[in-house]
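Novice: The structure that follows is given in the form of structure tokens.
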There are 2 protein chains.
Amino acid sequence: MAGNTSVPGASVVSRSLALLFAFDDQHRRLTLSELARRADLPLPTAYRLVGELVAGGALVRRGSGEYVVARRLWQVGLLAPVETGLREVAAPFLNDIHAATRATVHLAVRERTEVLYLERLSGRASVPVVSTVGSRLPLHATGVGKVLLAHAPDDVVEAALAQLGRVTPYTVTQPARMREQLDRIRRDGYATTVEEMTLGACSVAVPIRAGGAEGRVVAAVGIVVPSLKRDRPRLVAALQVAAQGIGRSLG
Amino acid sequence: MAGNTSVPGASVVSRSLALLFAFDDQHRRLTLSELARRADLPLPTAYRLVGELVAGGALVRRGSGEYVVARRLWQVGLLAPVETGLREVAAPFLNDIHAATRATVHLAVRERTEVLYLERLSGRASVPVVSTVGSRLPLHATGVGKVLLAHAPDDVVEAALAQLGRVTPYTVTQPARMREQLDRIRRDGYATTVEEMTLGACSVAVPIRAGGAEGRVVAAVGIVVPSLKRDRPRLVAALQVAAQGIGRSLG
DNA sequence: AGACTCCTTTCGCTCAGTGAAAGGGTTCGC
DNA sequence: GCGAACCCTTTCACTGAGCGAAAGGAGTCT
């Protein structure tokens with residue numbers, strides 16, 4: 001930038017992106033001060049840059065003085081090639097799962113030591129679900145996450161086991177217990193969680209193997225339900241049928 | 001910016017956004033030269049800024065030397081409040097339409113004189129469909145577009161009728177004929193197109209009225225099919241049932 | 001009425017940003 | 001094989017765009 005920079009080496013572009021990336025799943029609306037704090041910029045600097053981002057159509061200022069991501073950035077974001085093939089192939093199968101279970105359905109992939117949610121179909125039941133499309137969650141506290149972790153390379157497993165953060169009182173935080181679970185998941189072909197991410201929500205998930213049968217695990221499908229007591233076998237079956245179909249279609 | 005600017009008044013932020021917004025539905029991958037051209041920037045300037053956008057995680061450089069929108073920008077874009085309520089409410093009904101017709105289903109709103117596609121469910125049949133979620137098309141050549149135009153304010157109708165661009169040989173380009181059609185759409189409660197946007201694709205669409213029955217038209221649902229000859233009444237019925245449901249749920 | 005928060009504006013300093021020019025590396029056509 | 005026409009990358013001297021401390025409202029609590 002020019003003149004009196006407090007942090008030389010930070011370009012205008014990097015600062016602007018810091019402002020854009022200050023938004024996340026838990027922070028969809030931010031005030032100017034919050035933006036400045038989260039992007040680690042002096043307030044007047046944030047003021048000026050945010051003003052330009054609004055003028056440029058990247059952000060919008062709500063009446064209340066809060067800023068949100070603009071429609072135009074939504075359009076550009078949708079152009080990103082994010083597992084396009086997988087999502088397209090999976091879509092009808094996800095609908096099938098949804099029709100068969102009426103639960104919230106998830107399609108997710110692993111990104112480093114986190115789950116990245118690619119698709120979500122909301123269920124009827126009023127089960128609390130924190131994930132949204134595009135959001136990331138820790139691998140160890142979600143159904144799809146556990147499946148993906150169970151089939152991840154060793155270094156990823158080690159990294160994940162080293163940071164088993166407690167989310168609810170039921171989150172599995174002991175590496176040894178998690179290792180047992182991962183073994184069981186590989187053996188049984190499905191993972192479950194019981195209120196480990198959100199109180200009142202349980203989940204079941206299965207791996208998607210490219211090319212079907214014995215292929216590499218590339219993604220996971222799962223559902224969120226209020227309880228697993230009643231019909232676990234039926235849910236697992238529905239998921240496995242869909243996962244097989246998706247995997248086969250991936251070729 | 002500094003020094004030898006050819007276009008003073010253009011800030012770094014506006015230039016960076018011009019680069020990001022250079023991407024669109026027809027241009028999801030762009031080379032550096034294309035980016036520079038589309039953003040109207042000198043090549044070295046584009047080179048530097050694009051480099052920073054890549055470093056900042058907004059763009060990704062593919063092996064081939066082409067740039068695409070990065071996953072991180074996809075995540076941020078998804079945080080934009082784009083008719084969130086409508087889309088959430090409509091989702092299950094769109095699935096119903098999909099299940100009943102097996103066709104490509106669209107949910108769209110009007111933005112000035114264009115259709116903005118909010119949701120899309122791909123159909124089984126191999127009908128060519130150009131629209132994607134987040135893309136815009138002219139109002140007069142699509143089913144959902146005609147519905148939205150038929151219920152648009154007068155000034156919008158005038159503006160739209162003044163630019164009836166020819167897309168295919170079957171596109172309606174005469175204002176008088178379009179006026180007739182808009183009358184018929186308001187009377188019948190549904191719109192159709194026959195290869196007016198894409199050869200080999202026909203469409204049917206109905207309005208969504210907030211609060212049901214006699215409310216204001218806020219959106220449109222439509223489907224794309226290979227032909228309308230066979231079961232137009234059945235398709236219209238399915239759409240109208242769903243549209244009523246969505247409208248009622250909007251309260 | 002004092003102490004918070006928030007947002008906005010000013011203003012002089014200066015280095016980050018600029019882009020013409022030049023240099024490579026392809027891939028064409030002939 | 002030899003231009004011509006594309007790409008992309010790097011250099012470099014100039015300078016005004018960008019910076020942010022400081023100060024000034026405007027609310028909202030205590």
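Residues are referred to by chain and number: the chain letter is A, B, ... according to the order shown in the structure tokens, the number counts from 1 in that chain, and ligands are numbered separately from 1 in the order shown.
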Each residue of chain C lying at most 9 Å from chain A should get a row with its shortest atom-to-atom pair and the distance in Å to one decimal, counting only C-alpha atoms (C1' of nucleotides); could you produce that, ordered by chain and increasing number, as JSON lines?

Specialist:
{"residue": "C:DC6", "atom": "C1'", "partner": "A:Ser33", "partner_atom": "CA", "distance": 7.8}
{"residue": "C:DC7", "atom": "C1'", "partner": "A:Leu32", "partner_atom": "CA", "distance": 8.1}
{"residue": "C:DT8", "atom": "C1'", "partner": "A:Pro44", "partner_atom": "CA", "distance": 8.6}
{"residue": "C:DC13", "atom": "C1'", "partner": "A:Gly3", "partner_atom": "CA", "distance": 5.8}
{"residue": "C:DT14", "atom": "C1'", "partner": "A:Gly3", "partner_atom": "CA", "distance": 3.9}
{"residue": "C:DC15", "atom": "C1'", "partner": "A:Ala2", "partner_atom": "CA", "distance": 4.8}
{"residue": "C:DA16", "atom": "C1'", "partner": "A:Met1", "partner_atom": "CA", "distance": 4.1}
{"residue": "C:DG17", "atom": "C1'", "partner": "A:Met1", "partner_atom": "CA", "distance": 7.3}

Novice: Output C-alpha atoms (C1' of nucleotides) for every residue in that selection, as a CSV table (one decimal), in the first residue's frame.

Specialist:
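Here's the written file out.csv:
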chain,number,residue,atom,x,y,z
C,6,DC,C1',-20.1,2.4,17.4
C,7,DC,C1',-19.2,4.9,12.7
C,8,DT,C1',-17.3,8.7,9.9
C,13,DC,C1',3.4,11.2,4.5
C,14,DT,C1',5.4,7.8,1.5
C,15,DC,C1',5.9,3.4,-0.5
C,16,DA,C1',2.9,0.1,-2.9
C,17,DG,C1',1.2,0.0,-7.2

Novice: Pull out every residue of chain D that has at least one atom within 8 Å of chain A, counting only C-alpha atoms (C1' of nucleotides), and report them as a ChimeraX atom specification.

Specialist: /D:17-20

Novice: Tell me the residues of chain A close to chain B, meaning within 9 Å using only C-alpha atoms, as a ChimeraX atom specification.

Specialist: /A:1-2,11-14,16-18,20-25,27-28,49,52-53,55-59,68-82,88,91-92,95,121-122,133-135

Novice: Now that the selection is made, can you save its residues with N, CA and C atoms as a compact mmCIF listing (two decimals), in the first residue's frame?

Specialist:
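The resulting file, out_2.txt, is shown below:
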# COMPACT_ATOMS: atom_id res chain seq x y z
N MET A 1 0.85 -1.18 0.00
CA MET A 1 0.00 0.00 0.00
C MET A 1 0.88 1.23 0.00
N ALA A 2 0.40 2.25 0.57
CA ALA A 2 1.21 3.46 0.52
C ALA A 2 1.54 3.89 1.93
N SER A 11 -0.70 -6.46 1.08
CA SER A 11 -1.17 -5.68 -0.06
C SER A 11 -2.65 -5.34 0.11
N VAL A 12 -3.10 -4.44 -0.73
CA VAL A 12 -4.51 -4.07 -0.73
C VAL A 12 -5.35 -5.31 -1.03
N VAL A 13 -4.90 -6.10 -1.98
CA VAL A 13 -5.65 -7.30 -2.35
C VAL A 13 -5.78 -8.24 -1.15
N SER A 14 -4.68 -8.48 -0.47
CA SER A 14 -4.74 -9.42 0.65
C SER A 14 -5.64 -8.88 1.76
N SER A 16 -8.24 -6.87 1.29
CA SER A 16 -9.63 -6.97 0.83
C SER A 16 -10.14 -8.41 0.98
N LEU A 17 -9.28 -9.36 0.63
CA LEU A 17 -9.69 -10.76 0.76
C LEU A 17 -9.89 -11.12 2.22
N ALA A 18 -9.03 -10.57 3.09
CA ALA A 18 -9.20 -10.83 4.52
C ALA A 18 -10.57 -10.37 4.97
N LEU A 20 -13.29 -10.17 3.01
CA LEU A 20 -14.29 -11.09 2.45
C LEU A 20 -14.31 -12.40 3.23
N PHE A 21 -13.12 -12.89 3.55
CA PHE A 21 -13.04 -14.18 4.23
C PHE A 21 -13.32 -14.05 5.73
N ALA A 22 -13.60 -12.85 6.17
CA ALA A 22 -14.00 -12.67 7.57
C ALA A 22 -15.38 -13.28 7.79
N PHE A 23 -16.13 -13.43 6.72
CA PHE A 23 -17.45 -14.05 6.84
C PHE A 23 -17.31 -15.55 6.91
N ASP A 24 -18.08 -16.16 7.78
CA ASP A 24 -18.16 -17.61 7.76
C ASP A 24 -19.54 -18.04 8.24
N ASP A 25 -19.69 -19.34 8.37
CA ASP A 25 -20.97 -19.93 8.68
C ASP A 25 -21.61 -19.31 9.93
N HIS A 27 -20.83 -16.37 11.06
CA HIS A 27 -20.79 -14.91 10.96
C HIS A 27 -21.19 -14.48 9.56
N ARG A 28 -22.47 -14.54 9.29
CA ARG A 28 -22.96 -14.18 7.97
C ARG A 28 -23.25 -12.70 7.88
N LEU A 49 -11.94 0.23 2.67
CA LEU A 49 -11.96 -0.97 1.82
C LEU A 49 -13.36 -1.57 1.73
N GLU A 52 -15.36 0.25 -0.65
CA GLU A 52 -15.07 -0.09 -2.05
C GLU A 52 -15.64 -1.45 -2.43
N LEU A 53 -15.62 -2.37 -1.48
CA LEU A 53 -16.19 -3.69 -1.75
C LEU A 53 -17.70 -3.59 -1.98
N ALA A 55 -19.20 -0.79 -3.09
CA ALA A 55 -19.34 -0.12 -4.38
C ALA A 55 -19.10 -1.09 -5.53
N GLY A 56 -18.20 -2.04 -5.32
CA GLY A 56 -17.87 -3.00 -6.36
C GLY A 56 -18.84 -4.16 -6.44
N GLY A 57 -19.78 -4.23 -5.51
CA GLY A 57 -20.79 -5.28 -5.59
C GLY A 57 -20.40 -6.59 -4.96
N ALA A 58 -19.39 -6.57 -4.08
CA ALA A 58 -18.99 -7.81 -3.42
C ALA A 58 -19.70 -7.97 -2.07
N LEU A 59 -19.98 -6.84 -1.44
CA LEU A 59 -20.70 -6.86 -0.17
C LEU A 59 -21.91 -5.95 -0.28
N VAL A 68 -23.32 -7.93 4.57
CA VAL A 68 -23.46 -9.33 4.19
C VAL A 68 -22.85 -9.52 2.81
N VAL A 69 -22.57 -10.77 2.47
CA VAL A 69 -22.03 -11.09 1.16
C VAL A 69 -23.08 -10.78 0.10
N ALA A 70 -22.67 -10.18 -0.99
CA ALA A 70 -23.61 -9.77 -2.03
C ALA A 70 -23.94 -10.89 -2.99
N ARG A 71 -25.07 -10.72 -3.64
CA ARG A 71 -25.57 -11.67 -4.61
C ARG A 71 -24.55 -11.96 -5.71
N ARG A 72 -23.85 -10.90 -6.10
CA ARG A 72 -22.90 -11.04 -7.20
C ARG A 72 -21.76 -11.99 -6.83
N LEU A 73 -21.34 -11.93 -5.58
CA LEU A 73 -20.27 -12.82 -5.14
C LEU A 73 -20.80 -14.25 -5.04
N TRP A 74 -22.06 -14.37 -4.70
CA TRP A 74 -22.71 -15.68 -4.67
C TRP A 74 -22.64 -16.30 -6.07
N GLN A 75 -22.96 -15.49 -7.07
CA GLN A 75 -22.93 -15.99 -8.44
C GLN A 75 -21.54 -16.44 -8.85
N VAL A 76 -20.53 -15.63 -8.51
CA VAL A 76 -19.16 -16.00 -8.87
C VAL A 76 -18.73 -17.25 -8.12
N GLY A 77 -19.08 -17.32 -6.84
CA GLY A 77 -18.70 -18.48 -6.04
C GLY A 77 -19.24 -19.77 -6.61
N LEU A 78 -20.44 -19.70 -7.16
CA LEU A 78 -21.07 -20.91 -7.71
C LEU A 78 -20.33 -21.43 -8.94
N LEU A 79 -19.44 -20.61 -9.49
CA LEU A 79 -18.69 -21.03 -10.68
C LEU A 79 -17.48 -21.89 -10.31
N ALA A 80 -17.18 -21.95 -9.03
CA ALA A 80 -16.02 -22.73 -8.59
C ALA A 80 -16.25 -24.22 -8.85
N PRO A 81 -15.25 -24.88 -9.38
CA PRO A 81 -15.38 -26.32 -9.65
C PRO A 81 -15.16 -27.12 -8.39
N VAL A 82 -16.20 -27.22 -7.56
CA VAL A 82 -16.08 -27.92 -6.29
C VAL A 82 -16.73 -29.30 -6.40
N GLU A 88 -23.05 -33.76 -9.06
CA GLU A 88 -24.06 -33.98 -10.08
C GLU A 88 -24.55 -35.43 -10.07
N ALA A 91 -26.64 -36.22 -6.77
CA ALA A 91 -27.91 -35.54 -6.51
C ALA A 91 -29.13 -36.46 -6.49
N PRO A 92 -29.38 -37.24 -7.55
CA PRO A 92 -30.59 -38.08 -7.51
C PRO A 92 -30.57 -39.12 -6.40
N ASN A 95 -31.59 -37.60 -3.20
CA ASN A 95 -33.05 -37.48 -3.16
C ASN A 95 -33.69 -38.80 -2.76
N LEU A 121 -29.76 -31.87 2.15
CA LEU A 121 -31.21 -31.83 1.97
C LEU A 121 -31.82 -31.82 3.36
N SER A 122 -32.59 -30.79 3.66
CA SER A 122 -33.16 -30.68 5.00
C SER A 122 -34.29 -31.67 5.21
N VAL A 133 -24.28 -26.23 3.48
CA VAL A 133 -23.43 -26.45 2.31
C VAL A 133 -22.30 -25.44 2.35
N GLY A 134 -21.07 -25.92 2.21
CA GLY A 134 -19.92 -25.03 2.24
C GLY A 134 -19.28 -24.91 3.60
N SER A 135 -19.92 -25.44 4.63
CA SER A 135 -19.33 -25.31 5.96
C SER A 135 -18.40 -26.48 6.25

Novice: If we count only C-alpha atoms (C1' of nucleotides) and set the cut-off at 8 Å, which residues sit around Val218 (chain A), ignoring sequence neighbours fewer than 3 positions away in its own chain? Please answer as a PyMOL selection string.

Specialist: chain A and resi 109+207-210

Novice: Those same residues, written as a PDB file, in the first residue's frame with N, CA and C atoms?

Specialist:
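Output file out.pdb follows:
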ATOM      1  N   VAL A 109     -17.034 -34.364   1.700  1.00  0.00           N
ATOM      2  CA  VAL A 109     -15.690 -34.874   1.409  1.00  0.00           C
ATOM      3  C   VAL A 109     -14.758 -34.416   2.527  1.00  0.00           C
ATOM      4  N   PRO A 207     -19.373 -44.741   3.491  1.00  0.00           N
ATOM      5  CA  PRO A 207     -18.419 -44.226   2.503  1.00  0.00           C
ATOM      6  C   PRO A 207     -18.918 -44.396   1.071  1.00  0.00           C
ATOM      7  N   ILE A 208     -18.451 -43.501   0.207  1.00  0.00           N
ATOM      8  CA  ILE A 208     -18.680 -43.643  -1.231  1.00  0.00           C
ATOM      9  C   ILE A 208     -17.362 -44.035  -1.862  1.00  0.00           C
ATOM     10  N   ARG A 209     -17.357 -45.160  -2.577  1.00  0.00           N
ATOM     11  CA  ARG A 209     -16.123 -45.663  -3.184  1.00  0.00           C
ATOM     12  C   ARG A 209     -16.185 -45.486  -4.692  1.00  0.00           C
ATOM     13  N   ALA A 210     -15.219 -44.737  -5.215  1.00  0.00           N
ATOM     14  CA  ALA A 210     -15.185 -44.494  -6.660  1.00  0.00           C
ATOM     15  C   ALA A 210     -15.104 -45.811  -7.408  1.00  0.00           C
TER      16      ALA A 210
END

Novice: Can you pull out every residue within 12 Å of region 178-185 of chain A, counting only C-alpha atoms (C1' of nucleotides), but drop anything in the same chain fewer than 5 positions away, and send it as a ChimeraX atom specification?

Specialist: /A:139-141,143-152,154,157-158,160-164,171-173,190-193,204-207

Novice: Those residues with N, CA and C atoms, as a JSON list (two decimals), in the first residue's frame please?

Specialist:
[["chain", "number", "residue", "atom", "x", "y", "z"],
["A", 139, "LEU", "N", -13.61, -33.65, 11.92],
["A", 139, "LEU", "CA", -13.89, -34.99, 11.43],
["A", 139, "LEU", "C", -14.46, -35.92, 12.51],
["A", 140, "HIS", "N", -14.04, -35.72, 13.74],
["A", 140, "HIS", "CA", -14.31, -36.74, 14.75],
["A", 140, "HIS", "C", -15.69, -36.66, 15.39],
["A", 141, "ALA", "N", -16.44, -35.58, 15.10],
["A", 141, "ALA", "CA", -17.71, -35.42, 15.82],
["A", 141, "ALA", "C", -18.93, -35.59, 14.92],
["A", 143, "GLY", "N", -20.94, -37.92, 11.63],
["A", 143, "GLY", "CA", -21.03, -39.22, 11.01],
["A", 143, "GLY", "C", -20.19, -39.30, 9.75],
["A", 144, "VAL", "N", -20.43, -38.40, 8.83],
["A", 144, "VAL", "CA", -19.65, -38.39, 7.59],
["A", 144, "VAL", "C", -18.17, -38.19, 7.89],
["A", 145, "GLY", "N", -17.88, -37.38, 8.89],
["A", 145, "GLY", "CA", -16.49, -37.14, 9.27],
["A", 145, "GLY", "C", -15.79, -38.40, 9.71],
["A", 146, "LYS", "N", -16.45, -39.17, 10.57],
["A", 146, "LYS", "CA", -15.83, -40.41, 11.05],
["A", 146, "LYS", "C", -15.57, -41.38, 9.91],
["A", 147, "VAL", "N", -16.52, -41.47, 8.98],
["A", 147, "VAL", "CA", -16.34, -42.35, 7.83],
["A", 147, "VAL", "C", -15.11, -41.93, 7.05],
["A", 148, "LEU", "N", -15.00, -40.63, 6.80],
["A", 148, "LEU", "CA", -13.89, -40.13, 6.00],
["A", 148, "LEU", "C", -12.57, -40.31, 6.75],
["A", 149, "LEU", "N", -12.61, -40.14, 8.07],
["A", 149, "LEU", "CA", -11.40, -40.31, 8.87],
["A", 149, "LEU", "C", -10.97, -41.78, 8.88],
["A", 150, "ALA", "N", -11.95, -42.67, 8.93],
["A", 150, "ALA", "CA", -11.65, -44.10, 8.97],
["A", 150, "ALA", "C", -10.93, -44.56, 7.71],
["A", 151, "HIS", "N", -11.11, -43.82, 6.63],
["A", 151, "HIS", "CA", -10.47, -44.20, 5.37],
["A", 151, "HIS", "C", -9.45, -43.17, 4.91],
["A", 152, "ALA", "N", -8.94, -42.38, 5.86],
["A", 152, "ALA", "CA", -7.94, -41.35, 5.52],
["A", 152, "ALA", "C", -6.53, -41.91, 5.70],
["A", 154, "ASP", "N", -2.72, -42.31, 7.10],
["A", 154, "ASP", "CA", -2.28, -42.35, 8.50],
["A", 154, "ASP", "C", -1.95, -40.97, 9.07],
["A", 157, "VAL", "N", -4.99, -39.20, 10.06],
["A", 157, "VAL", "CA", -5.58, -39.80, 11.26],
["A", 157, "VAL", "C", -4.82, -39.30, 12.50],
["A", 158, "GLU", "N", -3.50, -39.32, 12.43],
["A", 158, "GLU", "CA", -2.70, -38.87, 13.57],
["A", 158, "GLU", "C", -3.01, -37.41, 13.89],
["A", 160, "ALA", "N", -5.67, -35.73, 13.20],
["A", 160, "ALA", "CA", -7.04, -35.58, 13.71],
["A", 160, "ALA", "C", -7.13, -36.06, 15.16],
["A", 161, "LEU", "N", -6.48, -37.18, 15.44],
["A", 161, "LEU", "CA", -6.53, -37.72, 16.80],
["A", 161, "LEU", "C", -5.84, -36.81, 17.80],
["A", 162, "ALA", "N", -4.94, -35.97, 17.30],
["A", 162, "ALA", "CA", -4.21, -35.06, 18.18],
["A", 162, "ALA", "C", -5.05, -33.84, 18.56],
["A", 163, "GLN", "N", -6.18, -33.71, 17.93],
["A", 163, "GLN", "CA", -7.00, -32.53, 18.24],
["A", 163, "GLN", "C", -8.49, -32.89, 18.32],
["A", 164, "LEU", "N", -8.77, -33.84, 19.22],
["A", 164, "LEU", "CA", -10.16, -34.27, 19.39],
["A", 164, "LEU", "C", -10.89, -33.31, 20.32],
["A", 171, "THR", "N", -19.04, -35.99, 22.92],
["A", 171, "THR", "CA", -17.99, -36.06, 21.91],
["A", 171, "THR", "C", -16.89, -37.02, 22.36],
["A", 172, "VAL", "N", -16.45, -37.86, 21.43],
["A", 172, "VAL", "CA", -15.35, -38.78, 21.74],
["A", 172, "VAL", "C", -14.05, -38.00, 21.68],
["A", 173, "THR", "N", -13.37, -37.90, 22.80],
["A", 173, "THR", "CA", -12.14, -37.08, 22.84],
["A", 173, "THR", "C", -10.91, -37.91, 23.17],
["A", 190, "TYR", "N", -20.07, -48.67, 8.17],
["A", 190, "TYR", "CA", -20.82, -47.45, 8.44],
["A", 190, "TYR", "C", -20.40, -46.85, 9.78],
["A", 191, "ALA", "N", -20.65, -45.56, 9.94],
["A", 191, "ALA", "CA", -20.32, -44.86, 11.19],
["A", 191, "ALA", "C", -21.57, -44.28, 11.80],
["A", 192, "THR", "N", -21.52, -44.10, 13.10],
["A", 192, "THR", "CA", -22.65, -43.43, 13.78],
["A", 192, "THR", "C", -22.10, -42.40, 14.76],
["A", 193, "THR", "N", -22.93, -41.42, 15.07],
["A", 193, "THR", "CA", -22.63, -40.51, 16.18],
["A", 193, "THR", "C", -23.90, -40.38, 17.00],
["A", 204, "VAL", "N", -25.90, -41.25, 10.97],
["A", 204, "VAL", "CA", -25.37, -42.47, 10.37],
["A", 204, "VAL", "C", -24.74, -42.07, 9.06],
["A", 205, "ALA", "N", -23.62, -42.69, 8.70],
["A", 205, "ALA", "CA", -22.98, -42.34, 7.44],
["A", 205, "ALA", "C", -22.22, -43.53, 6.87],
["A", 206, "VAL", "N", -22.10, -43.54, 5.54],
["A", 206, "VAL", "CA", -21.36, -44.62, 4.87],
["A", 206, "VAL", "C", -20.42, -44.01, 3.83],
["A", 207, "PRO", "N", -19.37, -44.74, 3.49],
["A", 207, "PRO", "CA", -18.42, -44.23, 2.50],
["A", 207, "PRO", "C", -18.92, -44.40, 1.07]]

Novice: Could you give me, as JSON, numbers by chain, the residues within 9 Å of Ala243 (chain A), counting only C-alpha atoms (C1' of nucleotides) and dropping anything in the same chain fewer than 2 positions from it?

Specialist: {"A": [90, 93, 206, 207, 208, 209, 212, 220, 221, 238, 239, 240, 241, 245, 246, 247, 248]}

Novice: Store the residues of this selection in a file with C-alpha atoms, as a CSV table (one decimal), in the first residue's frame.

Specialist:
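The result, stored in result.csv:
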chain,number,residue,atom,x,y,z
A,90,ALA,CA,-24.9,-37.9,-6.3
A,93,PHE,CA,-29.3,-40.6,-5.0
A,206,VAL,CA,-21.4,-44.6,4.9
A,207,PRO,CA,-18.4,-44.2,2.5
A,208,ILE,CA,-18.7,-43.6,-1.2
A,209,ARG,CA,-16.1,-45.7,-3.2
A,212,GLY,CA,-18.1,-49.0,-6.5
A,220,ALA,CA,-19.4,-39.9,2.3
A,221,VAL,CA,-23.2,-39.8,2.6
A,238,ALA,CA,-30.7,-47.1,2.5
A,239,LEU,CA,-27.4,-45.3,2.7
A,240,GLN,CA,-25.4,-48.2,1.4
A,241,VAL,CA,-27.6,-48.7,-1.6
A,245,GLY,CA,-25.1,-46.3,-6.8
A,246,ILE,CA,-23.1,-43.1,-6.6
A,247,GLY,CA,-19.8,-45.0,-6.6
A,248,ARG,CA,-20.7,-47.0,-9.6

Novice: Could you please write out, as a ChimeraX atom specification, every residue of region 67-143 of chain B that DSSP assigns to strand (DSSP E)?

Specialist: /B:67-69,104-111,114-121,136-138
